[in-house]
>>> print(open('input-v4.pdb').read())   # PDB, C-alpha atoms, pLDDT in the B column
ATOM      1  CA  MET A 266       0.000   0.000   0.000  1.00 86.00           C
ATOM      2  CA  ASP A 267       1.307   3.467  -0.800  1.00 95.00           C
ATOM      3  CA  LEU A 268       1.091   6.242   1.809  1.00 95.00           C
ATOM      4  CA  ARG A 269      -1.924   7.954   0.234  1.00 95.00           C
ATOM      5  CA  THR A 270      -3.895   4.686   0.286  1.00 94.00           C
ATOM      6  CA  ILE A 271      -2.924   4.068   3.914  1.00 95.00           C
ATOM      7  CA  ILE A 272      -4.119   7.572   4.849  1.00 95.00           C
ATOM      8  CA  GLU A 273      -7.380   7.079   2.963  1.00 93.00           C
ATOM      9  CA  ASN A 274      -7.960   3.656   4.574  1.00 93.00           C
ATOM     10  CA  ARG A 275      -7.324   4.734   8.167  1.00 95.00           C
ATOM     11  CA  TYR A 276     -10.450   5.345  10.215  1.00 95.00           C
ATOM     12  CA  SER A 277     -11.553   5.176  13.848  1.00 95.00           C
ATOM     13  CA  VAL A 278     -12.459   1.529  14.416  1.00 96.00           C
ATOM     14  CA  ARG A 279     -15.238   0.898  16.908  1.00 94.00           C
ATOM     15  CA  SER A 280     -15.740  -2.832  16.496  1.00 95.00           C
ATOM     16  CA  TYR A 281     -12.960  -5.385  16.848  1.00 96.00           C
ATOM     17  CA  GLN A 282     -12.517  -9.100  16.243  1.00 95.00           C
ATOM     18  CA  THR A 283     -11.401 -11.221  19.190  1.00 91.00           C
ATOM     19  CA  LYS A 284      -8.293 -12.252  17.224  1.00 95.00           C
ATOM     20  CA  GLU A 285      -5.034 -11.483  19.006  1.00 96.00           C
ATOM     21  CA  VAL A 286      -2.566  -9.011  17.531  1.00 98.00           C
ATOM     22  CA  GLU A 287       0.668 -10.741  16.554  1.00 98.00           C
ATOM     23  CA  GLU A 288       3.753  -9.698  18.526  1.00 97.00           C
ATOM     24  CA  GLU A 289       5.677  -8.816  15.322  1.00 98.00           C
ATOM     25  CA  LYS A 290       2.926  -6.435  14.218  1.00 98.00           C
ATOM     26  CA  LEU A 291       2.701  -4.846  17.652  1.00 98.00           C
ATOM     27  CA  ILE A 292       6.465  -4.243  17.665  1.00 98.00           C
ATOM     28  CA  LYS A 293       6.294  -2.639  14.193  1.00 98.00           C
ATOM     29  CA  ILE A 294       3.557  -0.299  15.422  1.00 98.00           C
ATOM     30  CA  LEU A 295       5.575   0.667  18.495  1.00 98.00           C
ATOM     31  CA  GLU A 296       8.664   1.211  16.330  1.00 98.00           C
ATOM     32  CA  ALA A 297       6.639   3.536  14.096  1.00 98.00           C
ATOM     33  CA  GLY A 298       5.898   5.648  17.174  1.00 98.00           C
ATOM     34  CA  GLN A 299       9.536   5.478  18.231  1.00 98.00           C
ATOM     35  CA  LEU A 300      10.635   6.732  14.799  1.00 98.00           C
ATOM     36  CA  ALA A 301       8.319   9.754  14.829  1.00 98.00           C
ATOM     37  CA  PRO A 302       9.906  13.203  14.741  1.00 98.00           C
ATOM     38  CA  SER A 303       9.747  15.379  17.851  1.00 98.00           C
ATOM     39  CA  ALA A 304      10.720  18.938  18.717  1.00 97.00           C
ATOM     40  CA  VAL A 305      14.527  19.076  19.019  1.00 97.00           C
ATOM     41  CA  ASN A 306      14.431  15.241  18.937  1.00 97.00           C
ATOM     42  CA  PHE A 307      13.665  15.149  22.679  1.00 97.00           C
ATOM     43  CA  GLN A 308      11.216  12.224  22.228  1.00 98.00           C
ATOM     44  CA  PRO A 309       9.181  12.934  25.400  1.00 98.00           C
ATOM     45  CA  TRP A 310       6.880   9.932  25.018  1.00 98.00           C
ATOM     46  CA  HIS A 311       6.283   6.621  26.722  1.00 98.00           C
ATOM     47  CA  PHE A 312       4.003   3.823  25.504  1.00 98.00           C
ATOM     48  CA  ILE A 313       2.256   1.476  27.935  1.00 98.00           C
ATOM     49  CA  VAL A 314       1.063  -1.679  26.155  1.00 98.00           C
ATOM     50  CA  VAL A 315      -1.962  -3.299  27.786  1.00 98.00           C
ATOM     51  CA  ARG A 316      -2.877  -6.881  26.869  1.00 96.00           C
ATOM     52  CA  GLU A 317      -3.408  -8.793  30.127  1.00 95.00           C
ATOM     53  CA  GLU A 318      -7.021  -9.295  31.251  1.00 93.00           C
ATOM     54  CA  GLU A 319      -6.570  -7.604  34.646  1.00 94.00           C
ATOM     55  CA  ASN A 320      -5.177  -4.445  33.046  1.00 96.00           C
ATOM     56  CA  HIS A 321      -7.700  -4.687  30.222  1.00 93.00           C
ATOM     57  CA  GLN A 322     -10.412  -4.335  32.869  1.00 94.00           C
ATOM     58  CA  LYS A 323      -8.672  -1.253  34.287  1.00 95.00           C
ATOM     59  CA  VAL A 324      -8.588   0.405  30.871  1.00 95.00           C
ATOM     60  CA  SER A 325     -12.289  -0.279  30.378  1.00 92.00           C
ATOM     61  CA  GLU A 326     -12.914   1.571  33.673  1.00 94.00           C
ATOM     62  CA  ILE A 327     -10.951   4.550  32.372  1.00 96.00           C
ATOM     63  CA  TYR A 328     -13.088   4.836  29.225  1.00 96.00           C
ATOM     64  CA  HIS A 329     -16.655   3.518  29.465  1.00 90.00           C
ATOM     65  CA  ARG A 330     -17.746   2.370  26.011  1.00 94.00           C
ATOM     66  CA  GLU A 331     -18.892  -1.156  25.208  1.00 92.00           C
ATOM     67  CA  TRP A 332     -17.156  -1.263  21.827  1.00 94.00           C
ATOM     68  CA  PHE A 333     -13.914  -0.202  23.485  1.00 94.00           C
ATOM     69  CA  LYS A 334     -13.866  -3.350  25.632  1.00 93.00           C
ATOM     70  CA  GLU A 335     -13.608  -5.478  22.457  1.00 94.00           C
ATOM     71  CA  ALA A 336     -10.123  -4.272  21.502  1.00 96.00           C
ATOM     72  CA  PRO A 337      -7.464  -6.907  22.249  1.00 97.00           C
ATOM     73  CA  VAL A 338      -4.717  -4.309  22.797  1.00 98.00           C
ATOM     74  CA  TYR A 339      -4.504  -0.795  24.190  1.00 98.00           C
ATOM     75  CA  ILE A 340      -1.534   1.504  23.982  1.00 98.00           C
ATOM     76  CA  ILE A 341      -1.545   4.319  26.521  1.00 98.00           C
ATOM     77  CA  ILE A 342       0.540   7.139  25.103  1.00 98.00           C
ATOM     78  CA  CYS A 343       2.111   9.281  27.804  1.00 98.00           C
ATOM     79  CA  GLY A 344       4.156  12.443  27.675  1.00 98.00           C
ATOM     80  CA  ASP A 345       7.048  13.447  29.877  1.00 97.00           C
ATOM     81  CA  HIS A 346       6.757  17.186  30.451  1.00 95.00           C
ATOM     82  CA  GLN A 347      10.196  17.292  32.068  1.00 95.00           C
ATOM     83  CA  ALA A 348      11.776  15.884  28.898  1.00 96.00           C
ATOM     84  CA  ALA A 349       9.831  17.932  26.345  1.00 96.00           C
ATOM     85  CA  TRP A 350      11.117  20.927  24.424  1.00 97.00           C
ATOM     86  CA  LYS A 351       9.624  24.286  25.387  1.00 97.00           C
ATOM     87  CA  ARG A 352       9.561  27.207  22.973  1.00 97.00           C
ATOM     88  CA  LYS A 353      11.659  30.067  24.369  1.00 96.00           C
ATOM     89  CA  GLU A 354       9.405  32.928  23.290  1.00 97.00           C
ATOM     90  CA  ASP A 355       6.254  31.825  25.114  1.00 97.00           C
ATOM     91  CA  GLY A 356       7.221  28.609  26.947  1.00 95.00           C
ATOM     92  CA  LYS A 357       4.886  26.418  24.864  1.00 96.00           C
ATOM     93  CA  ASP A 358       5.410  22.813  25.917  1.00 96.00           C
ATOM     94  CA  HIS A 359       5.499  20.488  22.866  1.00 97.00           C
ATOM     95  CA  THR A 360       4.706  17.245  24.723  1.00 97.00           C
ATOM     96  CA  ASP A 361       1.217  16.970  23.214  1.00 97.00           C
ATOM     97  CA  VAL A 362       2.431  17.814  19.717  1.00 97.00           C
ATOM     98  CA  ASP A 363       5.204  15.234  19.863  1.00 98.00           C
ATOM     99  CA  ALA A 364       2.906  12.560  21.292  1.00 98.00           C
ATOM    100  CA  ALA A 365       0.322  13.275  18.586  1.00 98.00           C
ATOM    101  CA  ILE A 366       2.913  12.752  15.854  1.00 98.00           C
ATOM    102  CA  ALA A 367       3.933   9.423  17.422  1.00 98.00           C
ATOM    103  CA  ILE A 368       0.279   8.354  17.673  1.00 98.00           C
ATOM    104  CA  ASP A 369      -0.324   9.258  14.040  1.00 98.00           C
ATOM    105  CA  HIS A 370       2.672   7.187  12.963  1.00 98.00           C
ATOM    106  CA  MET A 371       1.332   4.234  14.961  1.00 98.00           C
ATOM    107  CA  THR A 372      -2.177   4.525  13.490  1.00 98.00           C
ATOM    108  CA  LEU A 373      -0.814   4.612   9.943  1.00 98.00           C
ATOM    109  CA  GLN A 374       1.489   1.638  10.581  1.00 98.00           C
ATOM    110  CA  ALA A 375      -1.421  -0.311  12.066  1.00 98.00           C
ATOM    111  CA  THR A 376      -3.521   0.444   8.977  1.00 97.00           C
ATOM    112  CA  GLU A 377      -0.774  -0.801   6.676  1.00 97.00           C
ATOM    113  CA  LEU A 378      -0.640  -4.041   8.687  1.00 98.00           C
ATOM    114  CA  GLY A 379      -4.395  -4.615   8.356  1.00 96.00           C
ATOM    115  CA  LEU A 380      -5.181  -3.514  11.901  1.00 98.00           C
ATOM    116  CA  GLY A 381      -7.535  -0.843  13.149  1.00 97.00           C
ATOM    117  CA  THR A 382      -7.191   1.810  15.813  1.00 98.00           C
ATOM    118  CA  CYS A 383      -9.213   4.445  17.586  1.00 97.00           C
ATOM    119  CA  TRP A 384      -7.502   7.429  19.147  1.00 97.00           C
ATOM    120  CA  ILE A 385      -9.149   8.211  22.515  1.00 97.00           C
ATOM    121  CA  CYS A 386      -8.524  11.411  24.486  1.00 96.00           C
ATOM    122  CA  ASN A 387     -11.717  11.575  26.575  1.00 96.00           C
ATOM    123  CA  PHE A 388     -10.897   9.300  29.493  1.00 97.00           C
ATOM    124  CA  TYR A 389     -10.432   9.456  33.257  1.00 97.00           C
ATOM    125  CA  VAL A 390      -6.890  10.777  33.545  1.00 97.00           C
ATOM    126  CA  GLU A 391      -6.529  10.377  37.317  1.00 97.00           C
ATOM    127  CA  LYS A 392      -7.721   6.759  37.237  1.00 97.00           C
ATOM    128  CA  CYS A 393      -5.224   6.118  34.439  1.00 97.00           C
ATOM    129  CA  ARG A 394      -2.413   7.645  36.514  1.00 97.00           C
ATOM    130  CA  GLU A 395      -3.378   5.513  39.504  1.00 97.00           C
ATOM    131  CA  TYR A 396      -3.988   2.208  37.708  1.00 97.00           C
ATOM    132  CA  PHE A 397      -0.794   2.364  35.657  1.00 98.00           C
ATOM    133  CA  GLN A 398       1.404   3.961  38.347  1.00 97.00           C
ATOM    134  CA  LEU A 399       2.427   7.052  36.384  1.00 97.00           C
ATOM    135  CA  PRO A 400       4.924   9.424  37.982  1.00 95.00           C
ATOM    136  CA  GLU A 401       3.603  12.956  38.509  1.00 92.00           C
ATOM    137  CA  HIS A 402       5.518  14.459  35.565  1.00 93.00           C
ATOM    138  CA  ILE A 403       4.176  11.819  33.162  1.00 97.00           C
ATOM    139  CA  GLU A 404       0.816  12.690  31.598  1.00 97.00           C
ATOM    140  CA  PRO A 405      -1.473  10.128  29.979  1.00 98.00           C
ATOM    141  CA  ILE A 406      -2.288  11.878  26.708  1.00 98.00           C
ATOM    142  CA  ALA A 407      -4.285   9.325  24.728  1.00 98.00           C
ATOM    143  CA  ILE A 408      -5.300   5.692  24.568  1.00 98.00           C
ATOM    144  CA  LEU A 409      -5.022   3.890  21.256  1.00 98.00           C
ATOM    145  CA  SER A 410      -7.288   0.866  20.917  1.00 98.00           C
ATOM    146  CA  LEU A 411      -5.802  -1.694  18.555  1.00 98.00           C
ATOM    147  CA  GLY A 412      -7.015  -4.849  16.868  1.00 98.00           C
ATOM    148  CA  TYR A 413      -8.475  -6.404  13.755  1.00 97.00           C
ATOM    149  CA  PRO A 414     -11.589  -4.522  12.612  1.00 96.00           C
ATOM    150  CA  ASN A 415     -14.856  -6.468  12.480  1.00 93.00           C
ATOM    151  CA  ASP A 416     -15.814  -4.704   9.275  1.00 81.00           C
ATOM    152  CA  ASP A 417     -13.530  -4.045   6.322  1.00 74.00           C
ATOM    153  CA  LYS A 418     -15.910  -1.432   4.919  1.00 79.00           C
ATOM    154  CA  ILE A 419     -14.172   1.936   5.211  1.00 83.00           C
ATOM    155  CA  PRO A 420     -16.657   4.636   6.221  1.00 85.00           C
ATOM    156  CA  ALA A 421     -16.908   7.815   4.148  1.00 85.00           C
ATOM    157  CA  LYS A 422     -14.818  10.619   5.600  1.00 86.00           C
ATOM    158  CA  LYS A 423     -16.361  14.056   5.924  1.00 90.00           C
ATOM    159  CA  ARG A 424     -13.636  16.622   5.367  1.00 91.00           C
ATOM    160  CA  LYS A 425     -13.629  20.345   4.772  1.00 95.00           C
ATOM    161  CA  THR A 426     -12.582  21.391   1.298  1.00 93.00           C
ATOM    162  CA  LEU A 427      -9.097  22.758   0.686  1.00 94.00           C
ATOM    163  CA  ASP A 428     -10.681  26.152  -0.027  1.00 94.00           C
ATOM    164  CA  GLU A 429     -12.006  26.159   3.540  1.00 95.00           C
ATOM    165  CA  ILE A 430      -8.696  25.378   5.225  1.00 94.00           C
ATOM    166  CA  VAL A 431      -5.849  26.545   2.974  1.00 96.00           C
ATOM    167  CA  HIS A 432      -4.680  30.147   2.981  1.00 94.00           C
ATOM    168  CA  TRP A 433      -2.132  31.311   0.446  1.00 96.00           C
ATOM    169  CA  GLU A 434       0.419  33.848   1.650  1.00 97.00           C
ATOM    170  CA  LYS A 435      -1.847  35.310   4.386  1.00 95.00           C
ATOM    171  CA  PHE A 436      -4.913  34.346   6.376  1.00 95.00           C
TER
END
>>> encode(input="input-v4.pdb", output="structure tokens")
Amino acid sequence: MDLRTIIENRYSVRSYQTKEVEEEKLIKILEAGQLAPSAVNFQPWHFIVVREEENHQKVSEIYHREWFKEAPVYIIICGDHQAAWKRKEDGKDHTDVDAAIAIDHMTLQATELGLGTCWICNFYVEKCREYFQLPEHIEPIAILSLGYPNDDKIPAKKRKTLDEIVHWEKF
């Protein structure tokens, strides 16, 4: 698959097969996140892979959706604010930006491997910190559900037109 096809085929999967994700594929997905660019190459991310039933239950308590419980794997993407680059002019912390790039790389790699993902940001942060023993300076940024989609039908994507979002030379 070429990159454009991968981008077009990626969507937020909300129904998973019970089939386990192969270790080799999981490693490739994690490596895609590892290879992502970051501000000043500080790489302020950590990935917690959740596959065991006990921890699976904890994740389902952090985000309450029935479909979410079906995913065989979760990756909790965390950011280290102490390790992140901060812009000098206004102090903007790039942890979230860097983590988002890593997540995007992982979602695209998963798509190429025939897997589906859903990028979740609306979850109970404090429960996540507690359940997965995160140090105070480590923030849980997103949870990526991962597995084989139940349906291979790619939903239509609603996107703004380029005329609505592209500005040439000035806003």
>>> resolve_selection(input="input-v4.pdb", expression="the PyMOL selection byres ((chain A and resi 336) around 12)", output="PyMOL selection string")
chain A and resi 278-286+315-318+321-322+324-325+330-335+337-340+380-383+408-415
>>> write_last_selection(input="input-v4.pdb", atoms="C-alpha atoms", output="JSON list (two decimals), keeping the file's coordinate frame")
[["chain", "number", "residue", "atom", "x", "y", "z"],
["A", 278, "VAL", "CA", -12.46, 1.53, 14.42],
["A", 279, "ARG", "CA", -15.24, 0.90, 16.91],
["A", 280, "SER", "CA", -15.74, -2.83, 16.50],
["A", 281, "TYR", "CA", -12.96, -5.38, 16.85],
["A", 282, "GLN", "CA", -12.52, -9.10, 16.24],
["A", 283, "THR", "CA", -11.40, -11.22, 19.19],
["A", 284, "LYS", "CA", -8.29, -12.25, 17.22],
["A", 285, "GLU", "CA", -5.03, -11.48, 19.01],
["A", 286, "VAL", "CA", -2.57, -9.01, 17.53],
["A", 315, "VAL", "CA", -1.96, -3.30, 27.79],
["A", 316, "ARG", "CA", -2.88, -6.88, 26.87],
["A", 317, "GLU", "CA", -3.41, -8.79, 30.13],
["A", 318, "GLU", "CA", -7.02, -9.30, 31.25],
["A", 321, "HIS", "CA", -7.70, -4.69, 30.22],
["A", 322, "GLN", "CA", -10.41, -4.34, 32.87],
["A", 324, "VAL", "CA", -8.59, 0.40, 30.87],
["A", 325, "SER", "CA", -12.29, -0.28, 30.38],
["A", 330, "ARG", "CA", -17.75, 2.37, 26.01],
["A", 331, "GLU", "CA", -18.89, -1.16, 25.21],
["A", 332, "TRP", "CA", -17.16, -1.26, 21.83],
["A", 333, "PHE", "CA", -13.91, -0.20, 23.48],
["A", 334, "LYS", "CA", -13.87, -3.35, 25.63],
["A", 335, "GLU", "CA", -13.61, -5.48, 22.46],
["A", 337, "PRO", "CA", -7.46, -6.91, 22.25],
["A", 338, "VAL", "CA", -4.72, -4.31, 22.80],
["A", 339, "TYR", "CA", -4.50, -0.80, 24.19],
["A", 340, "ILE", "CA", -1.53, 1.50, 23.98],
["A", 380, "LEU", "CA", -5.18, -3.51, 11.90],
["A", 381, "GLY", "CA", -7.54, -0.84, 13.15],
["A", 382, "THR", "CA", -7.19, 1.81, 15.81],
["A", 383, "CYS", "CA", -9.21, 4.44, 17.59],
["A", 408, "ILE", "CA", -5.30, 5.69, 24.57],
["A", 409, "LEU", "CA", -5.02, 3.89, 21.26],
["A", 410, "SER", "CA", -7.29, 0.87, 20.92],
["A", 411, "LEU", "CA", -5.80, -1.69, 18.56],
["A", 412, "GLY", "CA", -7.02, -4.85, 16.87],
["A", 413, "TYR", "CA", -8.48, -6.40, 13.76],
["A", 414, "PRO", "CA", -11.59, -4.52, 12.61],
["A", 415, "ASN", "CA", -14.86, -6.47, 12.48]]
>>> closest_residue(input="input-v4.pdb", among="A:Tyr276, A:Lys351, A:Glu401, A:Leu291", to="Lys423 in chain A", atoms="only C-alpha atoms")
A:Tyr276
>>> atom_distance(input="input-v4.pdb", atom1="CA of Asp416 in chain A", atom2="CA of Lys290 in chain A")
19.5 Å
>>> axis_aligned_box(input="input-v4.pdb", around="range 372-391 of chain A", padding_each_side="3 Å", output="JSON")
{"center_x": -5.1, "center_y": 3.5, "center_z": 22.0, "size_x": 19.2, "size_y": 22.2, "size_z": 36.6}
>>> residues_around(input="input-v4.pdb", residues="Ile403 in chain A", least_positions_apart="2", cutoff="12 Å", atoms="only C-alpha atoms", output="PyMOL selection string")
chain A and resi 309-313+341-349+360-361+364+390-391+393-395+397-401+405-406
>>> resolve_selection(input="input-v4.pdb", expression="the PyMOL selection byres ((chain A and resi 295-297) around 8)", output="list of chain:residue names")
A:Leu291, A:Ile292, A:Lys293, A:Ile294, A:Gly298, A:Gln299, A:Leu300, A:Ala301, A:Phe312, A:Ala367, A:His370, A:Met371, A:Gln374
>>> atom_distance(input="input-v4.pdb", atom1="CA of Thr376 in chain A", atom2="CA of Arg275 in chain A")
5.8 Å
>>> closest_residue(input="input-v4.pdb", among="A:Ile419, A:Val314, A:Val305, A:Lys435", to="Glu288 in chain A", atoms="only C-alpha atoms")
A:Val314
>>> atom_distance(input="input-v4.pdb", atom1="CA of Glu326 in chain A", atom2="CA of Ala375 in chain A")
24.5 Å
>>> closest_residue(input="input-v4.pdb", among="A:Ser303, A:Thr372, A:Gln308, A:Asn320", to="Ile271 in chain A", atoms="only C-alpha atoms")
A:Thr372
>>> closest_residue(input="input-v4.pdb", among="A:Glu287, A:Asp358, A:Ser277, A:Trp433", to="Lys418 in chain A", atoms="only C-alpha atoms")
A:Ser277
>>> closest_residue(input="input-v4.pdb", among="A:Arg269, A:Asp369, A:Asp363, A:Ile327", to="Trp350 in chain A", atoms="all atoms listed in the file")
A:Asp363
>>> decode(input="input-v4.pdb", residues="range 289-313 of chain A", atoms="N, CA and C atoms", output="short mmCIF file (atom, residue, chain, number, x, y, z; two decimals), in the first residue's frame")
data_model
loop_
_atom_site.label_atom_id
_atom_site.label_comp_id
_atom_site.auth_asym_id
_atom_site.auth_seq_id
_atom_site.Cartn_x
_atom_site.Cartn_y
_atom_site.Cartn_z
N GLU A 289 4.86 -9.50 16.34
CA GLU A 289 5.68 -8.82 15.32
C GLU A 289 4.99 -7.54 14.84
N LYS A 290 3.68 -7.61 14.67
CA LYS A 290 2.93 -6.43 14.22
C LYS A 290 2.90 -5.37 15.31
N LEU A 291 2.71 -5.79 16.54
CA LEU A 291 2.70 -4.85 17.65
C LEU A 291 4.04 -4.12 17.75
N ILE A 292 5.13 -4.86 17.61
CA ILE A 292 6.46 -4.24 17.67
C ILE A 292 6.64 -3.24 16.53
N LYS A 293 6.19 -3.57 15.32
CA LYS A 293 6.29 -2.64 14.19
C LYS A 293 5.52 -1.35 14.47
N ILE A 294 4.37 -1.47 15.09
CA ILE A 294 3.56 -0.30 15.42
C ILE A 294 4.27 0.57 16.46
N LEU A 295 4.83 -0.08 17.47
CA LEU A 295 5.58 0.67 18.50
C LEU A 295 6.82 1.32 17.90
N GLU A 296 7.49 0.63 17.00
CA GLU A 296 8.66 1.21 16.33
C GLU A 296 8.28 2.42 15.49
N ALA A 297 7.10 2.39 14.88
CA ALA A 297 6.64 3.54 14.10
C ALA A 297 6.50 4.75 15.01
N GLY A 298 5.98 4.55 16.21
CA GLY A 298 5.90 5.65 17.17
C GLY A 298 7.28 6.11 17.61
N GLN A 299 8.16 5.17 17.83
CA GLN A 299 9.54 5.48 18.23
C GLN A 299 10.25 6.31 17.17
N LEU A 300 9.96 6.05 15.91
CA LEU A 300 10.63 6.73 14.80
C LEU A 300 10.05 8.10 14.47
N ALA A 301 8.97 8.47 15.12
CA ALA A 301 8.32 9.75 14.83
C ALA A 301 9.25 10.93 15.16
N PRO A 302 9.13 12.01 14.40
CA PRO A 302 9.91 13.20 14.74
C PRO A 302 9.34 13.88 15.99
N SER A 303 10.19 14.61 16.68
CA SER A 303 9.75 15.38 17.85
C SER A 303 10.56 16.67 17.90
N ALA A 304 10.04 17.65 18.60
CA ALA A 304 10.72 18.94 18.72
C ALA A 304 12.10 18.73 19.32
N VAL A 305 13.12 19.16 18.62
CA VAL A 305 14.53 19.08 19.02
C VAL A 305 14.94 17.62 19.30
N ASN A 306 14.17 16.67 18.77
CA ASN A 306 14.43 15.24 18.94
C ASN A 306 14.46 14.81 20.41
N PHE A 307 13.68 15.48 21.25
CA PHE A 307 13.67 15.15 22.68
C PHE A 307 12.87 13.88 22.98
N GLN A 308 11.97 13.48 22.09
CA GLN A 308 11.22 12.22 22.23
C GLN A 308 10.60 12.05 23.63
N PRO A 309 9.71 12.96 24.03
CA PRO A 309 9.18 12.93 25.40
C PRO A 309 8.00 11.99 25.60
N TRP A 310 8.02 10.84 24.96
CA TRP A 310 6.88 9.93 25.02
C TRP A 310 7.23 8.61 25.67
N HIS A 311 6.20 7.98 26.18
CA HIS A 311 6.28 6.62 26.72
C HIS A 311 5.02 5.91 26.28
N PHE A 312 5.13 4.61 25.97
CA PHE A 312 4.00 3.82 25.50
C PHE A 312 3.78 2.65 26.47
N ILE A 313 2.60 2.59 27.05
CA ILE A 313 2.26 1.48 27.93
C ILE A 313 1.35 0.53 27.14
#
